[in-house]
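Notes follow the structure.
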Amino acid sequence: MDHAPISNGLSVDVEDWFQVGAFETVIERGDWDSLTLRVEDNVLRILDLFDEAQVKATFFTLGWVAKRHPALMRRIADAGHEIASHGYDHARVFTFDRAQFADDIRKARHILEDAAGVAVTGYRAPSFSIDQRTPWAYMELAEQGYAYSSSVAPVAHDHYGWREAPRFAFKPLPWSDLVEIPVTTALLGGRRVAAGGGGFFRVLPYAFSRWAIRQVNRRDGRPAVFYFHPWEIDPEQPRVGHAPVKSRLRHYTNLSVMADKLRELVHEFQWGRMDVLAHREAMRAEDMAA
């Protein structure tokens, strides 16, 4: 008997081309306001793409961006998408202590809610930087009333990753309903491989992502979590020639094909907002605990 397709989590990490981890050592935060802002035009293209496919998504947005583009936040929300927090200015969680983290997420949430006119209940750490070094992060998110986080990449990677974390949604605190929804990994030869979007989606053939999402949906019976960035559909963005070669390769490879690959992806699979997925995963966790 055929089963209804699983609805997967579709998400956009809203940051501009100069705010990425690949350039954090070569572009100073103090210089950001002197650089060309391209995020608004790119997000508008994404909204058109999602509207064409009739899908809804979650936009994990930097407070820094929302502060400069409040009308864009309202437009995203008015289109039926979720506005969620990506922190204020893309500082990784493990660079904070708990008090600094609390200030960062409180500041970002205030800006986002004021701009969009909607409640913010979801959070994604910049560069998936909640890991074994930050046991207090979930406590702070829970105490500030967040319903879910999608801040873990359960893989080993030179840029991020918490290899020991569960592959699928889990409740990190026994006393809280907060749900963590890791970005998708697939199993290849018994080894976890990153398969939730970003640079892996851009660089690898589309067939890899199709295989990975089908594995998660059909074999594991779980939703996939996919993410990308607005700058990834922008091949005309400025080049940072003084960045390390590895960073430039990661950032610029296949920018020209990303939009077409995304269009194929959003039409092939079922997609929805992360807050809806989080609610379903919370109910699933309760059923399994009963």
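We label chains A, B, ... in the order they appear in the structure tokens, count residues from 1 in each chain, and number ligands from 1 in the order shown.
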Leaving out region 242-250 of chain A and any residue of its chain fewer than 6 positions from it, which residues lie within 9 Å of it when counting only C-alpha atoms, given as a PyMOL selection string? chain A and resi 21-23+25-27+199+203
I need the residues of region 1-195 of chain A that end up classed as strand (DSSP E or B) by DSSP on the backbone, written out as a PyMOL selection string. chain A and resi 7-14+58-61+82-85+122-123+148-149+170+179-180+185-188+191-194
Write the selection just made, keeping C-alpha atoms, as a compact mmCIF listing (two decimals), in the first residue's frame?
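Generated output (out.txt):
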# COMPACT_ATOMS: atom_id res chain seq x y z
CA SER A 7 6.79 16.43 4.44
CA ASN A 8 10.41 17.53 4.87
CA GLY A 9 11.74 20.68 6.53
CA LEU A 10 12.82 23.41 4.12
CA SER A 11 14.95 26.23 5.49
CA VAL A 12 16.94 29.27 4.40
CA ASP A 13 19.78 30.68 6.50
CA VAL A 14 19.40 34.39 5.76
CA THR A 58 11.49 28.69 7.43
CA PHE A 59 13.83 31.66 7.09
CA PHE A 60 16.45 31.52 9.88
CA THR A 61 17.47 35.16 9.77
CA GLU A 82 8.19 31.17 9.17
CA ILE A 83 10.62 33.76 10.51
CA ALA A 84 13.10 32.19 12.94
CA SER A 85 16.35 33.31 14.57
CA GLY A 122 12.73 28.62 16.34
CA TYR A 123 16.51 29.03 16.37
CA TYR A 148 12.75 24.17 18.82
CA SER A 149 16.32 24.42 17.62
CA PHE A 170 15.53 14.62 20.06
CA VAL A 179 13.12 19.85 20.40
CA GLU A 180 16.43 19.75 18.54
CA THR A 185 22.67 13.04 7.29
CA ALA A 186 22.53 9.83 5.28
CA LEU A 187 24.33 6.54 5.79
CA LEU A 188 26.87 5.48 3.20
CA ARG A 191 29.18 6.06 7.85
CA ARG A 192 27.25 9.28 8.35
CA VAL A 193 27.57 11.74 5.50
CA ALA A 194 26.28 15.31 5.40
Please provide as a ChimeraX atom specification all residues within 6 Å of region 95-108 of chain A, with the sequence filter that same-chain residues fewer than 6 positions apart are discarded (counting only C-alpha atoms). /A:63,87-88
Could you please take those selected residues and save N, CA and C atoms as an mmCIF file, in the first residue's frame?
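Wrote it out as again34.cif, contents follow:
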data_model
loop_
_atom_site.group_PDB
_atom_site.id
_atom_site.type_symbol
_atom_site.label_atom_id
_atom_site.label_comp_id
_atom_site.auth_asym_id
_atom_site.auth_seq_id
_atom_site.Cartn_x
_atom_site.Cartn_y
_atom_site.Cartn_z
ATOM 1 N N GLY A 63 19.671 38.751 13.038
ATOM 2 C CA GLY A 63 19.124 40.017 13.504
ATOM 3 C C GLY A 63 19.739 41.196 12.781
ATOM 4 N N GLY A 87 20.495 34.042 15.307
ATOM 5 C CA GLY A 87 21.384 34.868 16.107
ATOM 6 C C GLY A 87 21.496 36.266 15.527
ATOM 7 N N TYR A 88 22.319 37.101 16.150
ATOM 8 C CA TYR A 88 22.403 38.490 15.687
ATOM 9 C C TYR A 88 23.374 38.675 14.527
#
Which residue, A:Ala156, A:Ala119, A:Leu141, A:Ala4, has the smallest gap to Phe269 (chain A) when you use only C-alpha atoms? A:Ala4
Quick one: pick out all helix (DSSP H, G or I) residues within region 56-286 of chain A from a backbone DSSP run and write them as a PyMOL selection string. chain A and resi 63-68+70-78+93-95+98-116+126-128+136-143+198-203+206-219+230-233+245-252+255-268+274-286
Tell me which protein, DNA and RNA residues are within 12 Å of Ser209 (chain A), counting only C-alpha atoms, leaving out same-chain ones fewer than 2 positions away, and put them as a count of residues only. 35
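Computed from the coordinates, the CA of Val43 (chain A) to CA of Ala79 (chain A) distance equals 12.3 Å.
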So how far away is CA of Val39 (chain A) from CA of Gln237 (chain A), in Å?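 Between CA of Gln237 (chain A) and CA of Val39 (chain A) the gap works out to 10.1 Å.
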Nearest to Leu277 (chain A) among A:Pro223, A:Pro230, A:Pro182, A:Gly30, with distances taken over only C-alpha atoms: which residue is it? A:Pro223
8 Å contact set for Arg222 (chain A), only C-alpha atoms, chain neighbours under 4 positions out, as an mmCIF file with C-alpha atoms, in the first residue's frame:
data_model
loop_
_atom_site.group_PDB
_atom_site.id
_atom_site.type_symbol
_atom_site.label_atom_id
_atom_site.label_comp_id
_atom_site.auth_asym_id
_atom_site.auth_seq_id
_atom_site.Cartn_x
_atom_site.Cartn_y
_atom_site.Cartn_z
ATOM 1 C CA ILE A 6 6.674 12.656 4.091
ATOM 2 C CA PHE A 168 17.073 12.667 14.096
ATOM 3 C CA VAL A 216 15.794 9.167 5.074
ATOM 4 C CA ASN A 217 12.141 9.235 3.992
ATOM 5 C CA ARG A 218 11.739 5.635 2.861
#
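With distances restricted to only C-alpha atoms, A:Val152 is the closest residue to Val93 (chain A) from A:Leu44, A:Leu35, A:Val152, A:Leu49.
Between CA of Leu62 (chain A) and CA of His90 (chain A) lies a distance of 6.9 Å.
Proximity ranking of A:Asp16, A:Asp41, A:Asp33, A:Asp234 relative to Leu72 (chain A) places A:Asp41 first, based on only C-alpha atoms.
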